[in-house]
Structure formats: structure tokens, C-alpha cells
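Visitor: Handing you this structure, nothing more for now.
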Amino acid sequence: MKTIFDKEAYQEIDSRLNKLNAETKAQWGQMDVAQMMAHCQEAFKTATGEVKRPRIFMGYIMGPLFKGMLINDKPYPKGVRTDPNYIITDKKDFTTEKEKLASVIKRFHEGGEKNATTHTHPFFGKFTQKEWGITMYKHLDHHLKQFGV
């Protein structure tokens, strides 16, 4: 399984990110490209522990059933519901968001597994640091595919 902590996976994501431009259109979903990049940054705040959201009730029930889809080899399906805490609706500047996302991905990659939080995910529960790396790769892969790269 690919993880953002692996050099090749990081380089692949970085290369694909650099193919985006302000005019890149989504193939599905509601976000524009700048909003998608801001959304991905919010996910990294959870993965690093910068933001520690409490575990939600439905997560205790449903989280274990769906966690496996986050850490297997299958891509995320189109149209998966987004937690309202991660929905970006305000206008964002493409260049700023691209620079910020590239920077956070690089820091997470270079920091290695030790930079992944030990705090539980608000819906899916406990992740190992390796699972955080897999999940962050798959999340980025999903959204880059959303924009055709």
C-alpha cells in the first residue's frame, strides 16, 4: 500500500499537484480546485494532531465498519460524504492554497511517521501512524483524481 511517507508516493503526489492550475475543473463534487486544496490542508491538521476533534457518536458505531476502506488498496469512491468540519465553501486563492498544500504535504512526508498524531480520528477511531500515512496518500489521490490528475 502506498503511504505519503514513502519517497516515491510523495514525489508522485507532488508531481500531480503541480499539474493543477486555477482553471482545472472537477470531474465530480462541489469544490473548485482551490477549495479542494484548502480541504486537503484541513485533513492534514487532523493527521498531525494540530486540530483534535472529539470522537462523534456515530463514529463509535460506524467508524470500525468503514475504517478498512481507508487503509486498503482500493481508491475512495466518488461522492463520499464529507464531514461538515472539512467542507470549504468560501472563495480561495489558487496560488496561495497550492503553495500551502505543497508545504504541508512536504513537512508531513519529511517528518515521517513520528509526525502523525496518536489522537483518534473523530469518526474512524484509532489509527497507527503508518495508517495515517496510507490514509493521507489515499485522500490526496482521491482529490487529485477528482481534478483529472
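By order of appearance in the C-alpha cells: chains A, B, ..., then residues from 1 within every chain, and ligands from 1 in the order shown.
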So that I can check the surroundings of Phe123 (chain A), please list as a PyMOL selection string every protein, DNA and RNA residue that reaches within 7 Å of it, counting only C-alpha atoms and ignoring chain neighbours fewer than 2 positions away.

Guide: chain A and resi 55-56+59+63+121+125

Visitor: Show me a table, sorted first by chain and then by increasing residue number, of the residues of region 105-140 of chain A having an atom at most 12 Å from region 27-39 of chain A, each with its shortest atom pair and the distance in Å to one decimal, counting only C-alpha atoms and written as JSON lines.

Guide:
```
{"residue": "A:Ile105", "atom": "CA", "partner": "A:Met37", "partner_atom": "CA", "distance": 11.0}
{"residue": "A:His139", "atom": "CA", "partner": "A:His39", "partner_atom": "CA", "distance": 10.3}
{"residue": "A:Leu140", "atom": "CA", "partner": "A:Met37", "partner_atom": "CA", "distance": 9.1}
```

Visitor: Would you output that residue set with N, CA and C atoms, as a PDB file, in the first residue's frame?

Guide:
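Wrote out_15.pdb, looks like this:
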```
ATOM      1  N   ILE A 105       2.211  18.965   2.804  1.00  0.00           N
ATOM      2  CA  ILE A 105       2.494  17.592   2.359  1.00  0.00           C
ATOM      3  C   ILE A 105       3.983  17.298   2.544  1.00  0.00           C
ATOM      4  N   HIS A 139      -6.289   9.982   0.426  1.00  0.00           N
ATOM      5  CA  HIS A 139      -7.142  11.174   0.385  1.00  0.00           C
ATOM      6  C   HIS A 139      -6.662  12.127  -0.709  1.00  0.00           C
ATOM      7  N   LEU A 140      -5.356  12.348  -0.773  1.00  0.00           N
ATOM      8  CA  LEU A 140      -4.806  13.211  -1.822  1.00  0.00           C
ATOM      9  C   LEU A 140      -5.044  12.602  -3.209  1.00  0.00           C
TER      10      LEU A 140
END
```

Visitor: Could you tell me how far CA of Lys126 (chain A) lies from CA of Lys114 (chain A), in Å and to one decimal?

Guide: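 Between CA of Lys126 (chain A) and CA of Lys114 (chain A) the gap is 15.3 Å.
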
Visitor: Out of chain A, which residues get helix (DSSP H, G or I) from DSSP, as a ChimeraX atom specification?

Guide: /A:7-17,33-48,57-70,84-86,94-111,113-115,129-146

Visitor: Determine the nearest neighbour of Gly133 (chain A) from the options A:Ile88, A:Leu101, A:Met1, A:Met58, counting only C-alpha atoms.

Guide: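 Answer, going by the shortest atom-to-atom distance: A:Met1.
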
Visitor: May I have the residues within 12 Å of Lys145 (chain A) as a short mmCIF file (atom, residue, chain, number, x, y, z; two decimals) with all heavy atoms, in the first residue's frame, using only C-alpha atoms and disregarding those fewer than 3 positions away in the same chain?

Guide:
```cif
data_model
loop_
_atom_site.label_atom_id
_atom_site.label_comp_id
_atom_site.auth_asym_id
_atom_site.auth_seq_id
_atom_site.Cartn_x
_atom_site.Cartn_y
_atom_site.Cartn_z
N ILE A 13 2.65 12.36 -5.77
CA ILE A 13 1.63 13.34 -5.36
C ILE A 13 2.08 14.75 -5.70
O ILE A 13 1.32 15.55 -6.24
CB ILE A 13 1.31 13.20 -3.85
CG1 ILE A 13 0.59 11.88 -3.55
CG2 ILE A 13 0.51 14.40 -3.33
CD1 ILE A 13 -0.81 11.74 -4.13
N ARG A 16 1.76 15.37 -9.43
CA ARG A 16 0.36 15.53 -9.82
C ARG A 16 -0.20 16.87 -9.36
O ARG A 16 -0.94 17.53 -10.09
CB ARG A 16 -0.47 14.37 -9.28
CG ARG A 16 -0.14 13.05 -9.98
CD ARG A 16 -0.69 11.85 -9.24
NE ARG A 16 -2.15 11.83 -9.21
CZ ARG A 16 -2.85 11.03 -8.42
NH1 ARG A 16 -2.25 10.17 -7.60
NH2 ARG A 16 -4.17 11.06 -8.44
N LEU A 17 0.16 17.29 -8.15
CA LEU A 17 -0.28 18.59 -7.64
C LEU A 17 0.20 19.71 -8.55
O LEU A 17 -0.53 20.67 -8.81
CB LEU A 17 0.25 18.78 -6.21
CG LEU A 17 -0.13 20.05 -5.48
CD1 LEU A 17 -1.63 20.12 -5.25
CD2 LEU A 17 0.59 20.13 -4.14
N LYS A 19 0.48 19.69 -11.64
CA LYS A 19 -0.25 19.71 -12.91
C LYS A 19 -1.54 20.50 -12.82
O LYS A 19 -2.17 20.79 -13.84
CB LYS A 19 -0.54 18.28 -13.37
CG LYS A 19 0.71 17.52 -13.76
CD LYS A 19 0.40 16.10 -14.15
CE LYS A 19 1.71 15.37 -14.49
NZ LYS A 19 1.49 13.95 -14.75
N LEU A 20 -1.94 20.84 -11.61
CA LEU A 20 -3.17 21.63 -11.42
C LEU A 20 -2.92 23.09 -11.77
O LEU A 20 -1.82 23.60 -11.58
CB LEU A 20 -3.64 21.54 -9.97
CG LEU A 20 -4.06 20.17 -9.46
CD1 LEU A 20 -4.32 20.23 -7.96
CD2 LEU A 20 -5.29 19.66 -10.20
N THR A 24 -8.40 24.33 -13.64
CA THR A 24 -8.69 22.89 -13.61
C THR A 24 -10.08 22.66 -13.02
O THR A 24 -10.39 23.17 -11.94
CB THR A 24 -7.62 22.14 -12.79
OG1 THR A 24 -6.32 22.45 -13.29
CG2 THR A 24 -7.84 20.64 -12.89
N LYS A 25 -10.90 21.92 -13.74
CA LYS A 25 -12.28 21.66 -13.33
C LYS A 25 -12.42 20.29 -12.69
O LYS A 25 -11.79 19.33 -13.11
CB LYS A 25 -13.22 21.74 -14.54
CG LYS A 25 -13.21 23.08 -15.25
CD LYS A 25 -13.84 24.15 -14.42
CE LYS A 25 -13.88 25.46 -15.19
NZ LYS A 25 -13.67 26.60 -14.33
N ALA A 26 -13.31 20.23 -11.73
CA ALA A 26 -13.61 18.96 -11.06
C ALA A 26 -14.43 18.07 -11.99
O ALA A 26 -15.28 18.55 -12.73
CB ALA A 26 -14.38 19.22 -9.78
N GLN A 27 -14.17 16.77 -11.91
CA GLN A 27 -14.95 15.80 -12.66
C GLN A 27 -16.17 15.35 -11.87
O GLN A 27 -17.07 14.74 -12.42
CB GLN A 27 -14.06 14.61 -13.03
CG GLN A 27 -12.93 15.03 -13.94
CD GLN A 27 -11.99 13.89 -14.29
OE1 GLN A 27 -12.15 12.76 -13.85
NE2 GLN A 27 -10.98 14.20 -15.09
N TRP A 28 -16.17 15.63 -10.57
CA TRP A 28 -17.32 15.38 -9.71
C TRP A 28 -17.18 16.26 -8.48
O TRP A 28 -16.11 16.80 -8.21
CB TRP A 28 -17.46 13.91 -9.33
CG TRP A 28 -16.45 13.40 -8.33
CD1 TRP A 28 -16.51 13.51 -6.96
CD2 TRP A 28 -15.21 12.73 -8.61
NE1 TRP A 28 -15.39 12.95 -6.38
CE2 TRP A 28 -14.59 12.47 -7.37
CE3 TRP A 28 -14.57 12.34 -9.78
CZ2 TRP A 28 -13.36 11.82 -7.28
CZ3 TRP A 28 -13.35 11.70 -9.68
CH2 TRP A 28 -12.76 11.44 -8.45
N GLY A 29 -18.25 16.42 -7.73
CA GLY A 29 -18.21 17.16 -6.48
C GLY A 29 -18.50 18.64 -6.63
O GLY A 29 -18.71 19.14 -7.72
N VAL A 33 -10.96 23.89 -7.51
CA VAL A 33 -9.63 23.37 -7.25
C VAL A 33 -8.98 24.02 -6.03
O VAL A 33 -8.32 23.34 -5.24
CB VAL A 33 -8.74 23.45 -8.52
CG1 VAL A 33 -8.43 24.89 -8.91
CG2 VAL A 33 -7.47 22.62 -8.36
N MET A 36 -10.60 22.59 -2.91
CA MET A 36 -10.15 21.22 -2.69
C MET A 36 -8.80 21.22 -1.97
O MET A 36 -8.58 20.45 -1.04
CB MET A 36 -10.04 20.48 -4.03
CG MET A 36 -9.45 19.07 -3.93
SD MET A 36 -7.63 18.99 -4.01
CE MET A 36 -7.31 19.35 -5.72
N PRO A 75 -9.21 2.60 -4.31
CA PRO A 75 -9.41 4.05 -4.24
C PRO A 75 -10.73 4.39 -3.56
O PRO A 75 -11.67 3.58 -3.56
CB PRO A 75 -9.45 4.49 -5.70
CG PRO A 75 -8.93 3.34 -6.49
CD PRO A 75 -9.16 2.11 -5.68
N TYR A 76 -10.80 5.57 -2.99
CA TYR A 76 -12.06 6.03 -2.40
C TYR A 76 -13.08 6.20 -3.52
O TYR A 76 -12.76 6.67 -4.61
CB TYR A 76 -11.89 7.38 -1.71
CG TYR A 76 -10.98 7.41 -0.52
CD1 TYR A 76 -10.51 8.62 -0.04
CD2 TYR A 76 -10.60 6.27 0.16
CE1 TYR A 76 -9.67 8.68 1.07
CE2 TYR A 76 -9.77 6.31 1.27
CZ TYR A 76 -9.31 7.54 1.71
OH TYR A 76 -8.48 7.60 2.80
N PRO A 77 -14.33 5.86 -3.26
CA PRO A 77 -15.36 6.05 -4.29
C PRO A 77 -15.71 7.53 -4.46
O PRO A 77 -15.54 8.34 -3.54
CB PRO A 77 -16.56 5.27 -3.74
CG PRO A 77 -16.32 5.12 -2.28
CD PRO A 77 -14.84 5.21 -2.06
N LYS A 78 -16.20 7.86 -5.63
CA LYS A 78 -16.66 9.23 -5.89
C LYS A 78 -17.88 9.51 -5.03
O LYS A 78 -18.66 8.60 -4.75
CB LYS A 78 -17.07 9.39 -7.36
CG LYS A 78 -15.94 9.21 -8.33
CD LYS A 78 -16.47 9.28 -9.75
CE LYS A 78 -15.36 8.96 -10.73
NZ LYS A 78 -15.84 8.94 -12.10
N LYS A 138 -4.10 8.27 0.21
CA LYS A 138 -5.34 7.94 -0.49
C LYS A 138 -6.27 9.14 -0.60
O LYS A 138 -6.95 9.31 -1.61
CB LYS A 138 -6.05 6.77 0.20
CG LYS A 138 -5.41 5.43 -0.10
CD LYS A 138 -6.18 4.27 0.48
CE LYS A 138 -7.54 4.13 -0.12
NZ LYS A 138 -8.24 2.91 0.31
N HIS A 139 -6.29 9.98 0.43
CA HIS A 139 -7.14 11.17 0.39
C HIS A 139 -6.66 12.13 -0.71
O HIS A 139 -7.46 12.63 -1.51
CB HIS A 139 -7.15 11.86 1.76
CG HIS A 139 -8.09 13.00 1.84
ND1 HIS A 139 -7.67 14.28 2.05
CD2 HIS A 139 -9.45 13.07 1.75
CE1 HIS A 139 -8.72 15.09 2.08
NE2 HIS A 139 -9.80 14.37 1.89
N LEU A 140 -5.36 12.35 -0.77
CA LEU A 140 -4.81 13.21 -1.82
C LEU A 140 -5.04 12.60 -3.21
O LEU A 140 -5.44 13.31 -4.14
CB LEU A 140 -3.32 13.44 -1.59
CG LEU A 140 -2.97 14.30 -0.38
CD1 LEU A 140 -1.49 14.15 -0.04
CD2 LEU A 140 -3.34 15.76 -0.61
N ASP A 141 -4.82 11.30 -3.33
CA ASP A 141 -5.03 10.61 -4.60
C ASP A 141 -6.48 10.78 -5.07
O ASP A 141 -6.74 11.08 -6.24
CB ASP A 141 -4.69 9.12 -4.43
CG ASP A 141 -4.96 8.31 -5.68
OD1 ASP A 141 -4.29 8.57 -6.70
OD2 ASP A 141 -5.82 7.41 -5.62
N HIS A 142 -7.41 10.62 -4.14
CA HIS A 142 -8.84 10.77 -4.45
C HIS A 142 -9.12 12.16 -5.02
O HIS A 142 -9.80 12.29 -6.07
CB HIS A 142 -9.65 10.53 -3.17
CG HIS A 142 -11.10 10.85 -3.29
ND1 HIS A 142 -11.99 10.03 -3.93
CD2 HIS A 142 -11.82 11.91 -2.83
CE1 HIS A 142 -13.21 10.56 -3.87
NE2 HIS A 142 -13.13 11.70 -3.21
N GLY A 148 -8.73 15.28 -12.29
CA GLY A 148 -8.19 14.74 -13.53
C GLY A 148 -6.69 14.58 -13.60
O GLY A 148 -6.13 14.43 -14.69
N VAL A 149 -6.02 14.62 -12.46
CA VAL A 149 -4.55 14.42 -12.46
C VAL A 149 -4.14 13.28 -11.56
O VAL A 149 -4.81 12.91 -10.65
CB VAL A 149 -3.76 15.69 -12.11
CG1 VAL A 149 -4.03 16.80 -13.12
CG2 VAL A 149 -4.05 16.18 -10.71
#
```

Visitor: What's the 8 Å shell around Phe108 (chain A), counting only C-alpha atoms, without same-chain residues fewer than 3 positions away, as a list of chain:residue names?

Guide: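 The neighbour list is A:Ile4, A:Phe5, A:Thr48, A:Val104, A:Ile105, A:Gly111, A:Gly112, A:Asn115, A:Ala116.
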
Visitor: Would you output that residue set with all heavy atoms, as a short mmCIF file (atom, residue, chain, number, x, y, z; two decimals), in the first residue's frame?

Guide:
```
data_model
loop_
_atom_site.label_atom_id
_atom_site.label_comp_id
_atom_site.auth_asym_id
_atom_site.auth_seq_id
_atom_site.Cartn_x
_atom_site.Cartn_y
_atom_site.Cartn_z
N ILE A 4 2.12 8.28 2.13
CA ILE A 4 2.75 9.56 1.85
C ILE A 4 4.16 9.64 2.45
O ILE A 4 4.96 10.47 2.06
CB ILE A 4 1.85 10.75 2.31
CG1 ILE A 4 2.26 12.05 1.62
CG2 ILE A 4 1.86 10.88 3.81
CD1 ILE A 4 2.04 12.07 0.15
N PHE A 5 4.48 8.72 3.35
CA PHE A 5 5.80 8.71 3.95
C PHE A 5 6.86 8.10 3.02
O PHE A 5 8.04 8.30 3.23
CB PHE A 5 5.79 7.98 5.29
CG PHE A 5 4.90 8.64 6.31
CD1 PHE A 5 3.91 7.91 6.96
CD2 PHE A 5 5.04 9.98 6.62
CE1 PHE A 5 3.10 8.51 7.91
CE2 PHE A 5 4.22 10.59 7.56
CZ PHE A 5 3.25 9.86 8.21
N THR A 48 -1.96 15.44 11.78
CA THR A 48 -0.81 15.86 12.58
C THR A 48 -1.17 16.11 14.04
O THR A 48 -0.29 16.26 14.88
CB THR A 48 -0.18 17.16 12.03
OG1 THR A 48 -1.16 18.20 12.09
CG2 THR A 48 0.34 16.97 10.61
N VAL A 104 2.58 21.67 3.38
CA VAL A 104 2.12 20.76 4.45
C VAL A 104 2.37 19.31 4.07
O VAL A 104 2.75 18.50 4.93
CB VAL A 104 0.65 21.03 4.83
CG1 VAL A 104 -0.34 20.48 3.83
CG2 VAL A 104 0.33 20.47 6.19
N ILE A 105 2.21 18.96 2.80
CA ILE A 105 2.49 17.59 2.36
C ILE A 105 3.98 17.30 2.54
O ILE A 105 4.35 16.24 3.06
CB ILE A 105 2.08 17.38 0.89
CG1 ILE A 105 0.57 17.51 0.72
CG2 ILE A 105 2.56 16.01 0.39
CD1 ILE A 105 0.12 17.59 -0.74
N GLY A 111 8.77 14.61 7.87
CA GLY A 111 8.73 14.32 9.30
C GLY A 111 8.58 12.85 9.60
O GLY A 111 8.91 12.38 10.69
N GLY A 112 8.06 12.11 8.63
CA GLY A 112 7.89 10.67 8.81
C GLY A 112 6.76 10.33 9.76
O GLY A 112 6.02 11.20 10.23
N ASN A 115 5.53 12.16 12.96
CA ASN A 115 4.74 13.39 12.91
C ASN A 115 3.24 13.15 12.83
O ASN A 115 2.46 14.09 12.90
CB ASN A 115 5.19 14.26 11.74
CG ASN A 115 6.39 15.10 12.10
OD1 ASN A 115 6.96 14.98 13.18
ND2 ASN A 115 6.79 15.96 11.19
N ALA A 116 2.84 11.90 12.66
CA ALA A 116 1.41 11.59 12.62
C ALA A 116 0.89 11.52 14.06
O ALA A 116 1.56 11.04 14.96
CB ALA A 116 1.18 10.26 11.90
#
```

Visitor: Could you check the closest approach to Lys100 (chain A) for each of A:Val51, A:Ile71, A:Cys40, A:Ile134 and tell me which residue wins, using only C-alpha atoms?

Guide: A:Cys40

Visitor: Which residue out of A:Gln11, A:Gln146, A:Pro84, A:Phe124 has the minimum interatomic distance to Leu65 (chain A) when only C-alpha atoms are used?

Guide: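 Closest to Leu65 (chain A) of all the choices is A:Phe124.
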
Visitor: Taking 3 positions as the minimum chain separation for residues in the same chain, which residues sit within 8 Å of region 128-132 of chain A when counting only C-alpha atoms? Answer as a ChimeraX atom specification.

Guide: /A:3,47,71,113-114,116-118,135-136

Visitor: Next, write the just-selected residues to a file, as a PDB file, in the first residue's frame, keeping N, CA, C and O atoms as the atom set.

Guide:
```pdb
ATOM      1  N   THR A   3       1.985   4.982   0.889  1.00  0.00           N
ATOM      2  CA  THR A   3       1.882   5.883   2.022  1.00  0.00           C
ATOM      3  C   THR A   3       2.627   7.162   1.677  1.00  0.00           C
ATOM      4  O   THR A   3       3.653   7.119   0.985  1.00  0.00           O
ATOM      5  N   ALA A  47      -4.502  14.853  10.835  1.00  0.00           N
ATOM      6  CA  ALA A  47      -3.464  13.813  10.789  1.00  0.00           C
ATOM      7  C   ALA A  47      -2.240  14.161  11.637  1.00  0.00           C
ATOM      8  O   ALA A  47      -1.573  13.264  12.160  1.00  0.00           O
ATOM      9  N   ILE A  71      -7.798   2.162   4.510  1.00  0.00           N
ATOM     10  CA  ILE A  71      -6.421   1.659   4.556  1.00  0.00           C
ATOM     11  C   ILE A  71      -6.197   0.438   3.665  1.00  0.00           C
ATOM     12  O   ILE A  71      -5.198  -0.245   3.799  1.00  0.00           O
ATOM     13  N   GLU A 113       6.656   9.055  10.028  1.00  0.00           N
ATOM     14  CA  GLU A 113       5.552   8.553  10.842  1.00  0.00           C
ATOM     15  C   GLU A 113       5.463   9.215  12.206  1.00  0.00           C
ATOM     16  O   GLU A 113       4.376   9.375  12.747  1.00  0.00           O
ATOM     17  N   LYS A 114       6.576   9.629  12.763  1.00  0.00           N
ATOM     18  CA  LYS A 114       6.560  10.244  14.100  1.00  0.00           C
ATOM     19  C   LYS A 114       5.762  11.549  14.127  1.00  0.00           C
ATOM     20  O   LYS A 114       5.342  11.993  15.187  1.00  0.00           O
ATOM     21  N   ALA A 116       2.844  11.900  12.657  1.00  0.00           N
ATOM     22  CA  ALA A 116       1.412  11.586  12.622  1.00  0.00           C
ATOM     23  C   ALA A 116       0.888  11.517  14.057  1.00  0.00           C
ATOM     24  O   ALA A 116       1.562  11.040  14.960  1.00  0.00           O
ATOM     25  N   THR A 117      -0.294  12.003  14.238  1.00  0.00           N
ATOM     26  CA  THR A 117      -0.890  12.059  15.569  1.00  0.00           C
ATOM     27  C   THR A 117      -1.192  10.673  16.131  1.00  0.00           C
ATOM     28  O   THR A 117      -1.387   9.722  15.382  1.00  0.00           O
ATOM     29  N   THR A 118      -1.253  10.609  17.429  1.00  0.00           N
ATOM     30  CA  THR A 118      -1.740   9.400  18.095  1.00  0.00           C
ATOM     31  C   THR A 118      -3.173   9.629  18.587  1.00  0.00           C
ATOM     32  O   THR A 118      -3.777   8.736  19.160  1.00  0.00           O
ATOM     33  N   THR A 135      -3.686   6.718   4.732  1.00  0.00           N
ATOM     34  CA  THR A 135      -4.926   7.490   4.592  1.00  0.00           C
ATOM     35  C   THR A 135      -4.682   8.839   3.919  1.00  0.00           C
ATOM     36  O   THR A 135      -5.459   9.251   3.050  1.00  0.00           O
ATOM     37  N   MET A 136      -3.605   9.509   4.298  1.00  0.00           N
ATOM     38  CA  MET A 136      -3.340  10.815   3.694  1.00  0.00           C
ATOM     39  C   MET A 136      -2.971  10.668   2.222  1.00  0.00           C
ATOM     40  O   MET A 136      -3.382  11.480   1.396  1.00  0.00           O
TER      41      MET A 136
END
```

Visitor: Rounded to one decimal in Å, what is the spacing between CA of Pro54 (chain A) and CA of Tyr137 (chain A)?

Guide: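 So the two atoms, CA of Pro54 (chain A) and CA of Tyr137 (chain A), lie 23.2 Å apart.
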